[in-house]
>>> print(open('entry37.txt').read())   # compact mmCIF, C-alpha atoms
# COMPACT_ATOMS: atom_id res chain seq x y z
CA MET A 155 -104.96 192.48 52.25
CA THR A 156 -101.67 194.34 51.97
CA GLY A 157 -99.74 191.17 52.68
CA GLN A 158 -101.70 189.29 50.02
CA ILE A 159 -101.01 191.95 47.43
CA HIS A 160 -97.33 192.01 48.29
CA THR A 161 -97.09 188.23 48.03
CA ALA A 162 -98.93 188.10 44.72
CA SER A 163 -96.62 190.71 43.24
CA LYS A 164 -93.63 188.48 44.06
CA VAL A 165 -94.98 185.47 42.13
CA LYS A 166 -92.98 184.96 38.93
CA LEU A 167 -94.88 185.84 35.77
CA TRP A 168 -92.42 186.13 32.88
CA THR A 169 -91.44 182.52 32.34
CA ARG A 170 -90.03 181.26 29.04
CA SER A 171 -93.19 179.32 28.25
CA PHE A 172 -95.45 182.30 28.93
CA ILE A 173 -93.36 184.56 26.67
CA PHE A 174 -93.35 181.98 23.86
CA ILE A 175 -97.11 181.34 24.01
CA MET A 176 -97.78 185.09 24.09
CA ILE A 177 -95.68 185.60 20.94
CA ALA A 178 -97.32 182.60 19.25
CA ASN A 179 -100.75 184.08 19.96
CA GLY A 180 -99.75 187.43 18.49
CA LEU A 181 -98.39 185.80 15.32
CA LEU A 182 -101.50 183.61 14.95
CA PHE A 183 -103.71 186.71 14.99
CA MET A 184 -101.30 188.67 12.78
CA ALA A 185 -101.74 186.13 9.96
CA PHE A 186 -105.51 186.18 10.48
CA GLU A 187 -105.72 190.00 10.44
CA MET A 188 -103.66 190.18 7.22
CA LEU A 189 -106.50 188.41 5.43
CA LEU A 190 -109.34 190.65 6.60
CA PRO A 191 -108.89 193.50 4.08
CA THR A 192 -107.25 191.43 1.33
CA LEU A 193 -109.44 188.31 1.05
CA PRO A 194 -112.47 190.27 -0.24
CA LEU A 195 -110.23 191.68 -2.99
CA PHE A 196 -109.16 188.13 -3.87
CA VAL A 197 -112.80 187.00 -4.01
CA SER A 198 -113.51 189.77 -6.51
CA SER A 199 -110.43 188.83 -8.54
CA ILE A 200 -111.70 185.28 -9.09
CA GLY A 201 -115.18 186.46 -10.08
CA GLY A 202 -116.96 186.43 -6.74
CA GLU A 203 -119.97 188.67 -6.17
CA ALA A 204 -120.72 190.88 -3.18
CA SER A 205 -123.00 188.27 -1.58
CA GLN A 206 -120.27 185.66 -1.94
CA ILE A 207 -117.79 187.93 -0.19
CA GLY A 208 -120.15 187.90 2.77
CA LEU A 209 -120.42 184.11 2.54
CA VAL A 210 -116.63 183.73 2.59
CA THR A 211 -116.49 185.88 5.73
CA GLY A 212 -119.46 184.25 7.43
CA ILE A 213 -118.57 180.60 6.84
CA PHE A 214 -115.31 181.10 8.72
CA THR A 215 -117.13 182.35 11.83
CA VAL A 216 -119.80 179.64 11.61
CA SER A 217 -117.27 176.80 11.40
CA ALA A 218 -115.25 178.24 14.30
CA ILE A 219 -118.39 178.50 16.45
CA LEU A 220 -119.51 174.94 15.63
CA ILE A 221 -116.15 173.31 16.39
CA ARG A 222 -115.42 175.02 19.71
CA PRO A 223 -117.86 172.99 21.86
CA PHE A 224 -115.87 169.86 20.91
CA ALA A 225 -112.60 171.33 22.24
CA GLY A 226 -113.12 170.03 25.78
CA ILE A 227 -114.00 166.50 24.67
CA LEU A 228 -110.90 166.31 22.47
CA THR A 229 -108.61 167.08 25.43
CA THR A 230 -109.84 163.90 27.18
CA LYS A 231 -108.56 161.82 24.26
CA PHE A 232 -105.53 163.74 22.96
CA ASN A 233 -102.69 165.86 24.30
CA LYS A 234 -103.75 169.50 24.48
CA LYS A 235 -100.48 170.83 23.07
CA LEU A 236 -100.77 168.42 20.13
CA LEU A 237 -104.30 169.68 19.50
CA LEU A 238 -103.01 173.26 19.53
CA MET A 239 -100.30 172.41 17.01
CA ILE A 240 -102.86 170.67 14.76
CA GLY A 241 -105.21 173.66 14.92
CA MET A 242 -102.40 176.08 14.09
CA ALA A 243 -101.16 173.80 11.29
CA ILE A 244 -104.65 173.80 9.75
CA CYS A 245 -104.58 177.62 9.87
CA ALA A 246 -101.17 177.77 8.17
CA LEU A 247 -102.03 175.22 5.48
CA SER A 248 -105.40 176.82 4.73
CA THR A 249 -103.81 180.24 4.37
CA GLY A 250 -101.29 178.93 1.86
CA LEU A 251 -104.00 177.10 -0.10
CA TYR A 252 -106.20 180.16 -0.69
CA TYR A 253 -104.31 181.11 -3.83
CA LEU A 254 -105.00 177.67 -5.37
CA SER A 255 -108.75 178.34 -5.31
CA SER A 256 -109.88 178.13 -8.93
CA ASP A 257 -113.43 179.20 -8.11
CA ILE A 258 -115.42 180.69 -5.25
CA TRP A 259 -116.78 177.37 -3.92
CA ILE A 260 -113.32 175.87 -3.46
CA LEU A 261 -112.36 179.06 -1.60
CA ILE A 262 -115.43 178.76 0.63
CA PHE A 263 -114.51 175.13 1.44
CA ILE A 264 -110.94 176.14 2.36
CA ARG A 265 -112.34 179.00 4.42
CA LEU A 266 -114.56 176.53 6.31
CA ILE A 267 -111.53 174.35 7.13
CA HIS A 268 -109.57 177.45 8.17
CA GLY A 269 -112.38 178.39 10.57
CA ILE A 270 -112.20 174.95 12.20
CA GLY A 271 -108.45 175.30 12.72
CA PHE A 272 -108.75 178.85 14.05
CA GLY A 273 -111.61 177.93 16.39
CA LEU A 274 -109.55 175.14 17.96
CA ALA A 275 -106.27 177.07 18.03
CA THR A 276 -107.76 180.08 19.84
CA ILE A 277 -109.26 177.83 22.53
CA TYR A 278 -106.14 175.77 23.20
CA ILE A 279 -103.65 178.63 23.01
CA THR A 280 -105.67 180.50 25.65
CA THR A 281 -106.01 177.55 28.03
CA ILE A 282 -102.35 176.54 27.66
CA ALA A 283 -101.38 180.15 28.33
CA ALA A 284 -103.54 180.03 31.47
CA GLU A 285 -101.61 176.96 32.65
CA ASN A 286 -98.48 179.10 32.50
CA MET A 287 -99.98 181.93 34.56
CA PRO A 288 -99.81 182.15 38.36
CA LYS A 289 -103.33 182.21 39.79
CA GLU A 290 -102.46 185.21 41.95
CA ARG A 291 -101.62 187.28 38.84
CA MET A 292 -103.91 185.77 36.21
CA GLY A 293 -105.74 189.03 35.48
CA GLU A 294 -102.47 190.85 34.89
CA ALA A 295 -101.04 187.95 32.88
CA MET A 296 -104.13 187.68 30.68
CA GLY A 297 -103.80 191.38 29.94
CA TYR A 298 -100.23 190.87 28.75
CA PHE A 299 -101.23 187.75 26.82
CA GLY A 300 -103.68 189.79 24.74
CA VAL A 301 -101.08 192.41 23.79
CA GLY A 302 -100.13 190.39 20.71
CA GLU A 303 -103.75 190.34 19.56
CA THR A 304 -104.02 194.11 20.01
CA VAL A 305 -100.85 194.72 18.01
CA ALA A 306 -102.08 192.32 15.31
CA ILE A 307 -105.42 194.09 15.05
CA SER A 308 -103.57 197.39 14.59
CA LEU A 309 -100.84 196.29 12.19
CA GLY A 310 -102.17 193.12 10.53
CA PRO A 311 -104.52 194.77 8.00
CA VAL A 312 -101.87 197.35 7.09
CA LEU A 313 -99.25 194.62 6.66
CA GLY A 314 -101.60 192.54 4.50
CA ILE A 315 -102.39 195.44 2.18
CA SER A 316 -98.72 196.44 2.00
CA VAL A 317 -97.53 192.93 1.11
CA LEU A 318 -100.27 192.69 -1.51
CA HIS A 319 -99.10 196.01 -2.98
CA TRP A 320 -95.44 194.94 -3.02
CA PHE A 321 -96.07 191.48 -4.46
CA ASP A 322 -99.41 189.89 -5.38
CA PHE A 323 -102.06 187.63 -3.83
CA ASN A 324 -99.69 184.68 -3.94
CA GLY A 325 -97.01 186.62 -2.07
CA MET A 326 -99.54 187.86 0.47
CA PHE A 327 -100.96 184.40 1.21
CA TRP A 328 -97.52 182.82 1.48
CA SER A 329 -96.34 185.63 3.77
CA ALA A 330 -99.31 185.06 6.08
CA MET A 331 -98.60 181.32 5.97
CA ALA A 332 -94.96 181.95 6.94
CA ILE A 333 -96.12 183.99 9.94
CA SER A 334 -98.47 181.14 10.91
CA LEU A 335 -95.61 178.64 10.71
CA LEU A 336 -93.52 180.93 12.91
CA ALA A 337 -96.39 180.92 15.41
CA ILE A 338 -96.27 177.10 15.43
CA LEU A 339 -92.54 177.23 16.11
CA PHE A 340 -92.97 179.45 19.17
CA ALA A 341 -95.90 177.35 20.40
CA GLY A 342 -93.69 174.26 20.08
CA PHE A 343 -91.25 175.70 22.63
CA THR A 344 -94.04 176.16 25.17
CA SER A 345 -94.26 173.64 27.97
CA ARG A 346 -97.43 172.72 29.81
CA LYS A 347 -97.44 173.26 33.54
CA SER A 348 -100.08 170.90 34.86
CA GLU A 349 -102.11 172.00 37.90
CA PHE A 350 -103.18 168.42 38.64
CA SER A 351 -99.79 167.09 39.75
CA ASN A 352 -96.07 167.68 39.51
CA ASP A 353 -95.97 165.83 36.20
CA ASN A 354 -96.35 167.53 32.86
CA GLU A 355 -99.51 165.52 32.17
CA PRO A 356 -102.24 164.41 34.57
CA GLU A 357 -102.67 160.66 34.85
CA THR A 358 -106.42 160.96 34.47
CA VAL A 359 -108.53 163.85 33.28
CA PRO A 360 -112.24 163.89 34.18
CA PHE A 361 -114.38 163.36 31.10
CA SER A 362 -115.61 166.60 29.58
CA LYS A 363 -119.19 166.59 28.33
CA PHE A 364 -120.27 168.24 25.09
CA LYS A 365 -121.70 171.65 25.98
CA TRP A 366 -122.95 174.40 23.71
CA VAL A 367 -122.85 176.68 26.75
CA GLU A 368 -120.92 176.25 29.99
CA LYS A 369 -123.54 177.41 32.52
CA ARG A 370 -121.02 178.48 35.14
CA VAL A 371 -119.59 181.14 32.82
CA LEU A 372 -122.97 182.26 31.53
CA LEU A 373 -122.80 185.69 33.21
CA PRO A 374 -119.42 186.83 31.80
CA SER A 375 -120.41 185.23 28.47
CA ILE A 376 -123.57 187.34 28.31
CA LEU A 377 -121.51 190.41 29.19
CA ILE A 378 -119.07 189.69 26.35
CA LEU A 379 -122.08 189.24 24.06
CA MET A 380 -123.12 192.83 24.85
CA THR A 381 -119.54 193.93 24.26
CA GLY A 382 -119.47 192.12 20.93
CA ILE A 383 -122.68 193.79 19.72
CA ALA A 384 -121.20 197.23 20.32
CA ALA A 385 -117.84 196.20 18.83
CA GLY A 386 -119.60 194.97 15.69
CA GLY A 387 -120.98 198.46 15.19
CA VAL A 388 -117.61 200.13 15.69
CA MET A 389 -115.77 197.79 13.32
CA SER A 390 -118.43 197.87 10.60
CA PHE A 391 -119.63 201.47 10.51
CA THR A 392 -117.10 203.85 12.09
CA THR A 393 -115.26 204.42 8.81
CA LEU A 394 -118.50 205.26 6.99
CA TYR A 395 -119.66 207.45 9.89
CA ALA A 396 -116.36 209.35 9.87
CA VAL A 397 -116.57 209.98 6.12
CA GLU A 398 -120.14 211.21 6.53
CA LYS A 399 -119.05 213.61 9.30
CA GLY A 400 -116.01 214.80 7.36
CA PHE A 401 -113.35 213.42 9.74
CA HIS A 402 -109.96 212.72 8.17
CA LEU A 403 -108.01 210.76 10.79
CA ILE A 404 -109.88 207.48 10.45
CA ALA A 405 -106.81 205.26 10.57
CA TRP A 406 -105.62 207.14 13.66
CA PHE A 407 -108.94 206.42 15.39
CA PHE A 408 -108.32 202.69 15.19
CA PHE A 409 -104.63 203.05 16.04
CA ILE A 410 -105.37 205.11 19.15
CA SER A 411 -108.13 202.68 20.16
CA ALA A 412 -105.68 199.77 19.95
CA ALA A 413 -102.87 201.68 21.67
CA SER A 414 -105.06 202.82 24.58
CA GLY A 415 -106.40 199.27 24.96
CA LEU A 416 -102.85 197.96 25.08
CA LEU A 417 -101.73 200.47 27.73
CA VAL A 418 -104.73 199.99 30.01
CA ARG A 419 -104.40 196.19 30.16
CA VAL A 420 -101.57 196.27 32.69
CA ILE A 421 -103.45 198.49 35.12
CA SER A 422 -106.81 196.76 34.71
CA GLY A 423 -105.26 193.31 35.09
CA LYS A 424 -103.72 194.24 38.43
CA MET A 425 -107.05 195.76 39.52
CA PHE A 426 -108.79 192.47 38.71
CA ASP A 427 -106.25 190.40 40.66
CA ARG A 428 -106.52 192.58 43.75
CA TYR A 429 -110.18 193.53 43.90
CA GLY A 430 -112.18 191.32 41.51
CA ALA A 431 -114.15 191.73 38.31
CA GLY A 432 -116.48 194.52 39.42
CA VAL A 433 -113.70 197.05 39.88
CA VAL A 434 -112.84 196.58 36.19
CA VAL A 435 -116.15 196.07 34.40
CA ILE A 436 -118.08 198.88 36.10
CA PRO A 437 -115.73 201.86 35.60
CA PHE A 438 -114.51 200.75 32.19
CA GLY A 439 -118.06 200.04 31.09
CA VAL A 440 -118.87 203.67 31.98
CA ILE A 441 -115.74 204.84 30.13
CA THR A 442 -116.86 202.96 27.02
CA ILE A 443 -120.28 204.59 27.16
CA ALA A 444 -118.55 207.96 27.47
CA GLY A 445 -116.59 207.10 24.34
CA PHE A 446 -119.79 206.51 22.36
CA ILE A 447 -121.30 209.75 23.67
CA VAL A 448 -118.22 211.69 22.54
CA LEU A 449 -118.33 209.89 19.17
CA ILE A 450 -121.96 210.93 18.65
CA ALA A 451 -121.26 214.52 19.65
CA ALA A 452 -117.89 214.84 17.90
CA GLN A 453 -117.52 217.88 15.63
CA ASN A 454 -113.83 217.66 14.74
CA ASP A 455 -110.96 215.21 14.41
CA LEU A 456 -109.66 215.82 17.94
CA GLN A 457 -112.99 214.86 19.50
CA PHE A 458 -113.19 211.89 17.12
CA LEU A 459 -109.80 210.65 18.36
CA LEU A 460 -110.81 211.22 21.99
CA ALA A 461 -113.76 208.91 21.38
CA GLY A 462 -111.36 206.29 20.02
CA PHE A 463 -109.18 206.61 23.11
CA LEU A 464 -112.12 206.14 25.48
CA TYR A 465 -113.60 203.24 23.53
CA GLY A 466 -110.24 201.47 23.22
CA SER A 467 -109.53 201.89 26.93
CA GLY A 468 -112.90 200.41 27.81
CA ILE A 469 -112.86 197.29 25.66
CA GLY A 470 -109.10 196.85 26.25
CA ALA A 471 -109.78 196.41 29.97
CA ILE A 472 -113.11 194.58 29.78
CA PHE A 473 -112.21 191.82 27.31
CA PRO A 474 -109.27 190.25 29.24
CA ALA A 475 -111.09 190.76 32.56
CA LEU A 476 -114.12 188.78 31.39
CA MET A 477 -111.86 186.12 29.90
CA THR A 478 -109.97 185.75 33.19
CA TRP A 479 -113.23 185.65 35.10
CA CYS A 480 -114.41 182.73 32.95
CA LEU A 481 -111.21 180.81 33.61
CA ASN A 482 -111.50 181.39 37.36
CA LEU A 483 -115.07 180.06 37.52
CA VAL A 484 -114.27 176.53 36.35
CA GLU A 485 -111.85 173.72 37.11
CA VAL A 486 -108.70 173.42 35.03
CA TYR A 487 -110.04 170.52 32.95
CA GLU A 488 -113.17 172.54 32.11
CA ARG A 489 -111.43 175.61 30.74
CA GLU A 490 -111.91 174.57 27.11
CA ASN A 491 -115.69 174.55 27.61
CA ALA A 492 -115.50 177.92 29.36
CA MET A 493 -113.48 179.48 26.55
CA ALA A 494 -115.73 177.94 23.90
CA SER A 495 -118.72 179.67 25.49
CA PHE A 496 -116.79 182.93 25.88
CA PHE A 497 -115.54 183.14 22.29
CA ASN A 498 -118.81 181.93 20.77
CA PHE A 499 -120.89 184.50 22.65
CA PHE A 500 -118.47 187.21 21.53
CA ASP A 501 -118.62 186.05 17.91
CA PHE A 502 -122.42 185.89 18.04
CA GLY A 503 -122.44 189.45 19.33
CA LEU A 504 -119.92 190.62 16.77
CA GLY A 505 -121.67 189.05 13.78
CA GLY A 506 -125.21 189.58 15.00
CA GLY A 507 -124.39 193.14 16.02
CA ALA A 508 -123.06 193.96 12.57
CA ILE A 509 -126.26 192.62 10.97
CA ILE A 510 -128.70 194.29 13.37
CA LEU A 511 -126.84 197.58 13.42
CA GLY A 512 -126.61 197.51 9.64
CA ILE A 513 -130.41 197.46 9.54
CA VAL A 514 -130.49 200.32 12.05
CA ALA A 515 -127.99 202.35 10.03
CA GLU A 516 -129.98 201.87 6.83
CA ALA A 517 -133.30 202.72 8.47
CA PHE A 518 -132.03 205.73 10.44
CA SER A 519 -128.37 206.82 10.29
CA TYR A 520 -124.84 205.75 11.15
CA GLN A 521 -125.13 207.85 14.30
CA ALA A 522 -128.03 205.66 15.46
CA VAL A 523 -125.61 202.71 15.55
CA TYR A 524 -123.82 204.27 18.53
CA TYR A 525 -127.06 204.87 20.41
CA ILE A 526 -127.71 201.13 20.17
CA ALA A 527 -124.12 200.50 21.33
CA ILE A 528 -124.81 202.68 24.38
CA VAL A 529 -127.95 200.65 25.10
CA ALA A 530 -125.88 197.44 24.83
CA TYR A 531 -123.42 198.73 27.45
CA LEU A 532 -126.22 199.97 29.72
CA LEU A 533 -127.63 196.43 29.61
CA PHE A 534 -124.07 195.20 30.27
CA LEU A 535 -123.95 197.22 33.50
CA LEU A 536 -127.54 196.42 34.49
CA ILE A 537 -126.99 192.65 34.09
CA TYR A 538 -123.83 192.87 36.17
CA PHE A 539 -125.49 194.86 38.96
CA ILE A 540 -128.49 192.52 39.11
CA SER A 541 -126.20 189.47 39.32
CA ALA A 542 -124.00 191.16 41.90
CA SER A 543 -126.99 191.99 44.10
CA LYS A 544 -128.06 188.33 44.04
CA LYS A 545 -124.61 187.21 45.13
CA ARG A 546 -123.87 189.96 47.61
CA GLY A 547 -122.64 187.44 50.13
CA ILE A 548 -119.80 186.28 47.90
CA ILE A 549 -117.21 188.96 48.69
CA GLN A 550 -114.18 186.98 49.82
CA LYS A 551 -111.53 185.24 47.77
CA SER A 552 -111.47 181.49 48.22
CA ASN A 553 -108.26 179.54 48.42
CA ASP A 554 -108.17 178.76 44.72
CA LYS A 555 -110.54 181.19 43.01
CA VAL A 556 -110.84 184.93 42.87
CA SER A 557 -114.20 186.08 44.19
CA THR A 558 -116.58 187.00 41.42
CA PHE A 559 -118.04 190.11 43.04
CA HIS A 560 -115.75 192.41 45.04
>>> encode(input="entry37.txt", output="structure tokens")
Amino acid sequence: MTGQIHTASKVKLWTRSFIFIMIANGLLFMAFEMLLPTLPLFVSSIGGEASQIGLVTGIFTVSAILIRPFAGILTTKFNKKLLLMIGMAICALSTGLYYLSSDIWILIFIRLIHGIGFGLATIYITTIAAENMPKERMGEAMGYFGVGETVAISLGPVLGISVLHWFDFNGMFWSAMAISLLAILFAGFTSRKSEFSNDNEPETVPFSKFKWVEKRVLLPSILILMTGIAAGGVMSFTTLYAVEKGFHLIAWFFFISAASGLLVRVISGKMFDRYGAGVVVIPFGVITIAGFIVLIAAQNDLQFLLAGFLYGSGIGAIFPALMTWCLNLVEVYERENAMASFFNFFDFGLGGGAIILGIVAEAFSYQAVYYIAIVAYLLFLLIYFISASKKRGIIQKSNDKVSTFH
């Protein structure tokens, strides 16, 4: 084991292509996050009602979910890098066109197109990044790859609001479009390292069937669904809960959550590479539950921030670990289907969680939201343990895949 770990640590990780695709991913999400707090304001400015604001938000997610199952089929007919560039170009063009919306229905149509582009771009950018990761260090590399997303989640909304304050909606949309175009530029410098042969492109790629769900990644997909339900509650109701409790450092809660998630990725990624998924999902699942318990019991800002640190550490480790696990469970040419299932389950959890927990919050309290989040993570751990017990014999790494249960 020691020799394996030593050898894996010597495999080169920081290639030019990996750095470029990591930056491109961060910029793609930065442009997306800039729109989250500002697009609802734009909807109001053109006469949209509260229900239509929800429709603008929801149609994006729906279109992204519906297009992702086609991602694998498209790679059998077109170059994957070309598909990535097209998806990112749709994102950039849609962002720039928002300001031209003369009424709410035109905006909703543009938002639908944007969701298609974003759904495709997130699939292909992840699978192309995986092609530029050494298998021996994929967990660690996937942790680094997600750093850009974490930074974007922290800074994107602030940047969007700031640009809107300095200029106007037109300036904000064009700034986000410029960032999207910059993402395309970095993605263009990324090369694909095929795992089929020594050539950049395989001569033949097995045909990929249309799949709503890739069955081989069903377990990690269900686990990310549980994660998404809890995350939907945190994103939707933590600000209101903090105001109700009289906490003042709300922005710092989200900053510390993002920062702790960023820092833990390096450690958790190496843990995954050396020992498997269980060594990550079990302890960090418990840490996340501890974060919700502290959040429920918090009486001051310091305890509130401690909850943010624990929650951020948990999801910061779990998300890339489950993503890497999905990639390891399928062949290279099936990764698009695996990622489609992964992202769609997470989005279902995120959106469905926000709706269900909204009903819970209205019927009981904001605090009740976090009890449901704890239940979601207890189910997360229970599902993992049940699956692990059924596959107790699978405890060794194969030649080309990391063992699922260590």
>>> closest_residue(input="entry37.txt", among="A:Ala405, A:Leu167, A:Ala337, A:Leu261", to="Gly201 in chain A", atoms="only C-alpha atoms")
A:Leu261
>>> residues_near_point(input="entry37.txt", point="(-105.5, 178.5, 0.2)", cutoff="12 Å", atoms="only C-alpha atoms", output="PyMOL selection string")
chain A and resi 189+193+196-197+244-258+260-268+323-328+330-331
>>> closest_atom_pairs(input="entry37.txt", of="range 224-266 of chain A", to="range 171-175 of chain A", cutoff="12 Å", atoms="all atoms listed in the file", output="tab-separated table")
residue	atom	partner	partner_atom	distance
A:Lys235	CA	A:Ile175	CA	11.1
A:Leu238	CA	A:Ile175	CA	11.0
A:Met239	CA	A:Ile175	CA	11.8
>>> write_last_selection(input="entry37.txt", atoms="C-alpha atoms", output="tab-separated table (two decimals), in the frame of the given file")
chain	number	residue	atom	x	y	z
A	235	LYS	CA	-100.48	170.83	23.07
A	238	LEU	CA	-103.01	173.26	19.53
A	239	MET	CA	-100.30	172.41	17.01
>>> atom_distance(input="entry37.txt", atom1="CA of Gly293 in chain A", atom2="CA of Asp427 in chain A")
5.4 Å
>>> closest_atom_pairs(input="entry37.txt", of="range 457-538 of chain A", to="range 384-391 of chain A", cutoff="10 Å", atoms="all atoms listed in the file", output="CSV")
residue,atom,partner,partner_atom,distance
A:Gly462,CA,A:Val388,CA,9.8
A:Tyr465,CA,A:Val388,CA,9.3
A:Ile469,CA,A:Ala385,CA,8.5
A:Phe500,CA,A:Ala385,CA,9.4
A:Asp501,CA,A:Gly386,CA,9.2
A:Phe502,CA,A:Gly386,CA,9.8
A:Gly503,CA,A:Gly386,CA,7.2
A:Leu504,CA,A:Gly386,CA,4.5
A:Gly505,CA,A:Gly386,CA,6.6
A:Gly506,CA,A:Gly386,CA,7.8
A:Gly507,CA,A:Gly386,CA,5.1
A:Ala508,CA,A:Gly386,CA,4.8
A:Ile509,CA,A:Gly386,CA,8.5
A:Ile510,CA,A:Gly387,CA,9.0
A:Leu511,CA,A:Gly387,CA,6.2
A:Gly512,CA,A:Gly387,CA,8.0
A:Ala515,CA,A:Phe391,CA,8.4
A:Tyr520,CA,A:Phe391,CA,6.8
A:Gln521,CA,A:Phe391,CA,9.2
A:Val523,CA,A:Gly387,CA,6.3
A:Tyr524,CA,A:Gly387,CA,7.3
A:Tyr525,CA,A:Ala384,CA,9.6
A:Ile526,CA,A:Ala384,CA,7.6
A:Ala527,CA,A:Ala384,CA,4.5
A:Ile528,CA,A:Ala384,CA,7.7
A:Val529,CA,A:Ala384,CA,9.0
A:Ala530,CA,A:Ala384,CA,6.5
A:Tyr531,CA,A:Ala384,CA,7.6
>>> closest_residue(input="entry37.txt", among="A:Met493, A:Ile333, A:Leu309, A:Val440", to="Trp406 in chain A", atoms="only C-alpha atoms")
A:Leu309
>>> closest_residue(input="entry37.txt", among="A:Phe183, A:Leu220, A:Met242, A:Gly226", to="Leu335 in chain A", atoms="all atoms listed in the file")
A:Met242
>>> residues_around(input="entry37.txt", residues="Ile404 in chain A", least_positions_apart="5", cutoff="12 Å", atoms="all atoms listed in the file", output="list in words")
Val388, Met389, Phe391, Thr392, Thr393, Leu394, Tyr395, Ala396, Val397, Glu398, Lys399, Phe409, Ile410, Ser411, Asn454, Asp455, Leu456, Phe458, Leu459, Ala461 and Gly462 of chain A
>>> residues_around(input="entry37.txt", residues="Val433 in chain A", least_positions_apart="5", cutoff="12 Å", atoms="only C-alpha atoms", output="PDB file with C-alpha atoms, in the coordinates of the input")
ATOM      1  CA  ILE A 421    -103.450 198.490  35.120  1.00  0.00           C
ATOM      2  CA  SER A 422    -106.810 196.760  34.710  1.00  0.00           C
ATOM      3  CA  GLY A 423    -105.260 193.310  35.090  1.00  0.00           C
ATOM      4  CA  LYS A 424    -103.720 194.240  38.430  1.00  0.00           C
ATOM      5  CA  MET A 425    -107.050 195.760  39.520  1.00  0.00           C
ATOM      6  CA  PHE A 426    -108.790 192.470  38.710  1.00  0.00           C
ATOM      7  CA  ASP A 427    -106.250 190.400  40.660  1.00  0.00           C
ATOM      8  CA  ARG A 428    -106.520 192.580  43.750  1.00  0.00           C
ATOM      9  CA  PHE A 438    -114.510 200.750  32.190  1.00  0.00           C
ATOM     10  CA  GLY A 439    -118.060 200.040  31.090  1.00  0.00           C
ATOM     11  CA  VAL A 440    -118.870 203.670  31.980  1.00  0.00           C
ATOM     12  CA  ALA A 471    -109.780 196.410  29.970  1.00  0.00           C
ATOM     13  CA  ILE A 472    -113.110 194.580  29.780  1.00  0.00           C
ATOM     14  CA  ALA A 475    -111.090 190.760  32.560  1.00  0.00           C
ATOM     15  CA  LEU A 476    -114.120 188.780  31.390  1.00  0.00           C
ATOM     16  CA  TYR A 538    -123.830 192.870  36.170  1.00  0.00           C
ATOM     17  CA  SER A 557    -114.200 186.080  44.190  1.00  0.00           C
ATOM     18  CA  THR A 558    -116.580 187.000  41.420  1.00  0.00           C
ATOM     19  CA  PHE A 559    -118.040 190.110  43.040  1.00  0.00           C
ATOM     20  CA  HIS A 560    -115.750 192.410  45.040  1.00  0.00           C
TER      21      HIS A 560
END
>>> atom_distance(input="entry37.txt", atom1="CA of Asn233 in chain A", atom2="CA of Pro474 in chain A")
25.7 Å
>>> atom_distance(input="entry37.txt", atom1="CA of Ile240 in chain A", atom2="CA of Ala275 in chain A")
8.0 Å
>>> closest_residue(input="entry37.txt", among="A:Trp479, A:Phe518, A:Phe496, A:Phe272", to="Ala431 in chain A", atoms="only C-alpha atoms")
A:Trp479
>>> residues_around(input="entry37.txt", residues="Leu182 in chain A", least_positions_apart="3", cutoff="6 Å", atoms="all atoms listed in the file", output="VMD selection string")
chain A and resid 179 185 334 337
>>> closest_residue(input="entry37.txt", among="A:Ala284, A:Ala295, A:Leu195, A:Trp259", to="His319 in chain A", atoms="all atoms listed in the file")
A:Leu195
>>> closest_residue(input="entry37.txt", among="A:Leu236, A:Gly342, A:Glu203, A:Pro288", to="Val165 in chain A", atoms="only C-alpha atoms")
A:Pro288
>>> axis_aligned_box(input="entry37.txt", around="range 461-479 of chain A", padding_each_side="4 Å", output="AutoDock Vina command-line options")
--center_x -111.6 --center_y 197.3 --center_z 27.6 --size_x 13.0 --size_y 31.3 --size_z 23.1
>>> build_atoms(input="entry37.txt", residues="range 379-386 of chain A", atoms="N, CA and C atoms", output="PDB file, in the coordinates of the input")
ATOM      1  N   LEU A 379    -121.131 189.129  25.163  1.00  0.00           N
ATOM      2  CA  LEU A 379    -122.080 189.240  24.060  1.00  0.00           C
ATOM      3  C   LEU A 379    -122.477 190.697  23.849  1.00  0.00           C
ATOM      4  N   MET A 380    -122.789 191.407  24.943  1.00  0.00           N
ATOM      5  CA  MET A 380    -123.120 192.830  24.850  1.00  0.00           C
ATOM      6  C   MET A 380    -121.944 193.632  24.298  1.00  0.00           C
ATOM      7  N   THR A 381    -120.749 193.281  24.752  1.00  0.00           N
ATOM      8  CA  THR A 381    -119.540 193.930  24.260  1.00  0.00           C
ATOM      9  C   THR A 381    -119.362 193.697  22.770  1.00  0.00           C
ATOM     10  N   GLY A 382    -119.620 192.465  22.332  1.00  0.00           N
ATOM     11  CA  GLY A 382    -119.470 192.120  20.930  1.00  0.00           C
ATOM     12  C   GLY A 382    -120.452 192.867  20.039  1.00  0.00           C
ATOM     13  N   ILE A 383    -121.690 193.049  20.503  1.00  0.00           N
ATOM     14  CA  ILE A 383    -122.680 193.790  19.720  1.00  0.00           C
ATOM     15  C   ILE A 383    -122.194 195.206  19.440  1.00  0.00           C
ATOM     16  N   ALA A 384    -121.704 195.874  20.482  1.00  0.00           N
ATOM     17  CA  ALA A 384    -121.200 197.230  20.320  1.00  0.00           C
ATOM     18  C   ALA A 384    -119.949 197.257  19.431  1.00  0.00           C
ATOM     19  N   ALA A 385    -119.068 196.269  19.633  1.00  0.00           N
ATOM     20  CA  ALA A 385    -117.840 196.200  18.830  1.00  0.00           C
ATOM     21  C   ALA A 385    -118.149 195.981  17.358  1.00  0.00           C
ATOM     22  N   GLY A 386    -119.198 195.187  17.072  1.00  0.00           N
ATOM     23  CA  GLY A 386    -119.600 194.970  15.690  1.00  0.00           C
ATOM     24  C   GLY A 386    -119.978 196.269  15.003  1.00  0.00           C
TER      25      GLY A 386
END
